[in-house]
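Engineer: One structure is given below, represented as structure tokens, and several questions about it will come after.
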There are 2 protein chains.
Amino acid sequence: MSEQARKRLGRPPASANQRGRILETAALVFARSGFEQSNITDISEQMGISKGGIYHYFKSKQEVYDEIIVQTLRGLHAYVDAALADVHDPADRFVVFMIKHAEYFERNYWSFIAMLSGFRSISSPATQEEAIALRERHEHMLRRIIADGVAQRRFRAVDPSVAGRAALSLLNWMARWFRPDGPQSAAEIAREYADLLFVGLRHPDAPE
Amino acid sequence: MSEQARKRLGRPPASANQRGRILETAALVFARSGFEQSNITDISEQMGISKGGIYHYFKSKQEVYDEIIVQTLRGLHAYVDAALADVHDPADRFVVFMIKHAEYFERNYWSFIAMLSGFRSISSPATQEEAIALRERHEHMLRRIIADGVAQRRFRAVDPSVAGRAALSLLNWMARWFRPDGPQSAAEIAREYADLLFVGLRHPDAPE
């Protein structure tokens, strides 16, 4: 890839972010072959570098995986949070949350897949704790949006835990069927889901 | 377990259904340890029988896994289909579909988990085809319920594919967080989800 193409894609030059490239490649390898079936050699071969080039940054395959999980969760929350900065109506915030979560998923497809499938097998207790805290912070932001919507009579009196879990289930299950080369973007699908959750299935003439 | 207890639980005596017991135990082993990390010895030890007692019914670990997937999908569809026999209103059928799907999941917890995680790695092309056809039949039943609901003005003019995928996403993602010893049954959670999807989040006074 030319330096110009890199800039267009908003990516830093490779040398400045070798660590990030390792994580990206490892996520692809883990997601495709499974963590157990992959090793550092697979990652280095995929990148065309030596194994030493990876051990310079990471002690083990597990450390690479742990870092993918934490970095993806941190990136996801920051991405959604930034998009919400200027959105104030809770119903709008709910839609933006879902769209931006899906957009981050599509842009970081392999890391996201690896994060979801590796979440429960993080090796270090400190990393596990950090990952749980990051996930909790993200889910809490969504529950807060729903609670505000209820308080401001934009939403009916739903349980923010149930509604928040529903929204995240729709988004996360996309990891199982969504393909980046498919006809719709993840953000478009998320918008359809947000509309469905907001308005519901019921026909306006149908009884409650 | 006594013969009496078995009858109370509606299970056939062990001898009559050794094949079924193998599948049940294997599902537990695969779901807990992962397919790659498990072998026939783990299953036989968990059952307290010899490896030969498993090879009598199945040629390989992969054949066991394939059979879990197909049997679970077949059982799921039959269970939901039977419950729908006397339900005619599309909105009621939608709720019953979700509740019964969740109930089957909880009653066949380990097989369901194994089915969802193994679906894409079925070895035999014929079994793969069968599994896809079974899943498609189940999803088609749900889309049909939604299309009928739209036609009968019980649901607004939603896209049955989007709404059906949403309902199944909510149900299937439960495999990731639901615990059978938790405070709510899977059926109760499915009812909450069905209500949420039917009525939506929007406050009745809020603009569309």
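To be explicit about the labels: the chains of the structure tokens are called A, B, and onward in the order shown, and within each one the residues are counted from 1, while ligands get numbers from 1 in the order they are shown.
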Compute the chain B side of the contact with chain A at 9 Å, counting only C-alpha atoms, and hand it back as a PyMOL selection string.

Structural biologist: chain B and resi 36-37+91+146+149-150+153-158+162-163+165-174+189+192-193+195-208

Engineer: Find the residues near B:Pro160: any atom within 9 Å, counting only C-alpha atoms, skip ones fewer than 6 places away on the same chain, and give them as a PyMOL selection string.

Structural biologist: chain B and resi 142-147+150

Engineer: Would you mind listing what lies within 8 Å of A:Ile113 as an MDAnalysis selection string, with only C-alpha atoms counted and same-chain residues fewer than 3 positions away left out?

Structural biologist: chainID A and resid 27 31 109:110 116:117 175

Engineer: Quick one: everything within 8 Å of stretch 68-80 of chain A, counting only C-alpha atoms, minus sequence neighbours fewer than 2 positions away in the same chain. Send it as a ChimeraX atom specification.

Structural biologist: /A:23-24,27,64-66,82-84,96-97,100-101,104-105,108,111-112,114-116,118-119,127,130-131,134-135,137-138

Engineer: For the selection just defined, write its residues with N, CA, C and O atoms to a file, as a CSV table (one decimal), in the first residue's frame.

Structural biologist:
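After the write, part-v1.csv holds the following:
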chain,number,residue,atom,x,y,z
A,23,LEU,N,-1.6,-6.9,16.1
A,23,LEU,CA,-2.9,-7.2,16.7
A,23,LEU,C,-3.9,-7.5,15.7
A,23,LEU,O,-4.7,-8.4,15.8
A,24,GLU,N,-3.9,-6.6,14.6
A,24,GLU,CA,-4.9,-6.8,13.5
A,24,GLU,C,-4.7,-8.1,12.8
A,24,GLU,O,-5.7,-8.8,12.5
A,27,ALA,N,-5.8,-11.0,15.0
A,27,ALA,CA,-7.2,-11.2,15.1
A,27,ALA,C,-7.8,-11.9,13.9
A,27,ALA,O,-8.6,-12.8,14.1
A,64,VAL,N,-1.2,-11.6,23.2
A,64,VAL,CA,-1.7,-11.0,22.0
A,64,VAL,C,-3.2,-11.0,22.0
A,64,VAL,O,-3.9,-9.9,21.8
A,65,TYR,N,-3.8,-12.1,22.4
A,65,TYR,CA,-5.2,-12.2,22.4
A,65,TYR,C,-5.9,-11.3,23.4
A,65,TYR,O,-6.8,-10.6,23.2
A,66,ASP,N,-5.3,-11.3,24.6
A,66,ASP,CA,-5.8,-10.5,25.7
A,66,ASP,C,-5.8,-9.0,25.3
A,66,ASP,O,-6.8,-8.3,25.5
A,82,ALA,N,-17.7,9.2,21.5
A,82,ALA,CA,-17.4,10.4,20.8
A,82,ALA,C,-18.6,10.8,19.9
A,82,ALA,O,-18.9,12.0,19.8
A,83,ALA,N,-19.2,9.9,19.3
A,83,ALA,CA,-20.3,10.2,18.4
A,83,ALA,C,-21.5,10.7,19.1
A,83,ALA,O,-22.4,11.4,18.5
A,84,LEU,N,-21.6,10.4,20.4
A,84,LEU,CA,-22.8,10.8,21.2
A,84,LEU,C,-22.6,12.2,21.8
A,84,LEU,O,-23.6,12.8,22.3
A,96,VAL,N,-28.1,6.5,17.6
A,96,VAL,CA,-26.7,6.7,17.3
A,96,VAL,C,-25.8,5.6,18.0
A,96,VAL,O,-24.9,5.1,17.4
A,97,PHE,N,-26.2,5.3,19.2
A,97,PHE,CA,-25.4,4.2,19.9
A,97,PHE,C,-25.4,2.9,19.1
A,97,PHE,O,-24.3,2.4,18.8
A,100,LYS,N,-23.4,3.4,15.7
A,100,LYS,CA,-21.9,3.6,15.8
A,100,LYS,C,-21.3,2.3,16.3
A,100,LYS,O,-20.2,1.9,16.0
A,101,HIS,N,-22.0,1.6,17.2
A,101,HIS,CA,-21.5,0.3,17.7
A,101,HIS,C,-21.4,-0.7,16.5
A,101,HIS,O,-20.3,-1.3,16.3
A,104,TYR,N,-18.4,0.5,14.2
A,104,TYR,CA,-17.1,0.1,14.8
A,104,TYR,C,-16.9,-1.4,14.6
A,104,TYR,O,-15.8,-1.9,14.2
A,105,PHE,N,-17.9,-2.2,14.8
A,105,PHE,CA,-17.8,-3.7,14.5
A,105,PHE,C,-17.3,-3.9,13.1
A,105,PHE,O,-16.4,-4.7,12.8
A,108,ASN,N,-13.7,-2.9,12.4
A,108,ASN,CA,-12.7,-3.7,13.1
A,108,ASN,C,-13.2,-5.1,13.2
A,108,ASN,O,-13.1,-5.8,14.2
A,111,SER,N,-11.0,-8.1,14.7
A,111,SER,CA,-10.8,-7.9,16.1
A,111,SER,C,-12.0,-8.1,16.9
A,111,SER,O,-12.0,-8.6,18.0
A,112,PHE,N,-13.1,-7.6,16.4
A,112,PHE,CA,-14.4,-7.7,17.1
A,112,PHE,C,-14.8,-9.2,17.2
A,112,PHE,O,-15.3,-9.6,18.3
A,114,ALA,N,-12.9,-11.8,17.2
A,114,ALA,CA,-11.9,-12.4,18.1
A,114,ALA,C,-12.3,-12.0,19.5
A,114,ALA,O,-12.2,-12.8,20.5
A,115,MET,N,-12.6,-10.7,19.7
A,115,MET,CA,-13.0,-10.2,21.1
A,115,MET,C,-14.2,-11.0,21.6
A,115,MET,O,-14.2,-11.5,22.7
A,116,LEU,N,-15.2,-11.1,20.8
A,116,LEU,CA,-16.4,-11.8,21.3
A,116,LEU,C,-16.2,-13.3,21.6
A,116,LEU,O,-16.7,-13.8,22.5
A,118,GLY,N,-13.3,-14.6,22.3
A,118,GLY,CA,-12.2,-14.9,23.3
A,118,GLY,C,-12.5,-14.4,24.7
A,118,GLY,O,-11.8,-14.6,25.6
A,119,PHE,N,-13.6,-13.6,24.8
A,119,PHE,CA,-13.8,-12.9,26.0
A,119,PHE,C,-13.7,-13.7,27.3
A,119,PHE,O,-13.2,-13.3,28.3
A,127,THR,N,-6.4,-8.5,33.4
A,127,THR,CA,-6.9,-8.2,32.1
A,127,THR,C,-8.4,-8.6,32.1
A,127,THR,O,-9.2,-7.9,31.5
A,130,GLU,N,-10.3,-5.9,33.7
A,130,GLU,CA,-10.3,-4.7,32.9
A,130,GLU,C,-11.3,-4.9,31.8
A,130,GLU,O,-12.1,-3.9,31.5
A,131,ALA,N,-11.3,-6.0,31.2
A,131,ALA,CA,-12.3,-6.3,30.1
A,131,ALA,C,-13.7,-6.2,30.6
A,131,ALA,O,-14.6,-5.6,29.9
A,134,LEU,N,-14.6,-2.6,31.1
A,134,LEU,CA,-14.8,-1.9,29.9
A,134,LEU,C,-16.2,-2.3,29.3
A,134,LEU,O,-16.9,-1.4,28.8
A,135,ARG,N,-16.5,-3.5,29.3
A,135,ARG,CA,-17.8,-4.0,28.8
A,135,ARG,C,-19.0,-3.4,29.6
A,135,ARG,O,-19.9,-2.9,29.0
A,137,ARG,N,-18.9,-0.6,31.3
A,137,ARG,CA,-19.0,0.8,31.1
A,137,ARG,C,-19.8,1.1,29.8
A,137,ARG,O,-20.7,2.0,29.8
A,138,HIS,N,-19.6,0.3,28.8
A,138,HIS,CA,-20.3,0.4,27.5
A,138,HIS,C,-21.8,0.1,27.7
A,138,HIS,O,-22.7,0.9,27.2

Engineer: What separation in Å, quoted to one decimal, exists between atom CA of B:Phe178 and atom CA of A:Pro125?

Structural biologist: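 That distance, rounded to one decimal, is 22.5 Å.
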
Engineer: Would you mind listing what lies within 8 Å of B:Ala190 as an MDAnalysis selection string, with only C-alpha atoms counted and same-chain residues fewer than 5 positions away left out?

Structural biologist: chainID B and resid 98:99 102 171

Engineer: So which one's closest to B:Glu45, B:Thr25, B:Gln62, B:Ser33, B:Gly164? Using only C-alpha atoms, please.

Structural biologist: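 Of B:Thr25, B:Gln62, B:Ser33, B:Gly164, the one nearest B:Glu45, counting only C-alpha atoms, is B:Thr25.
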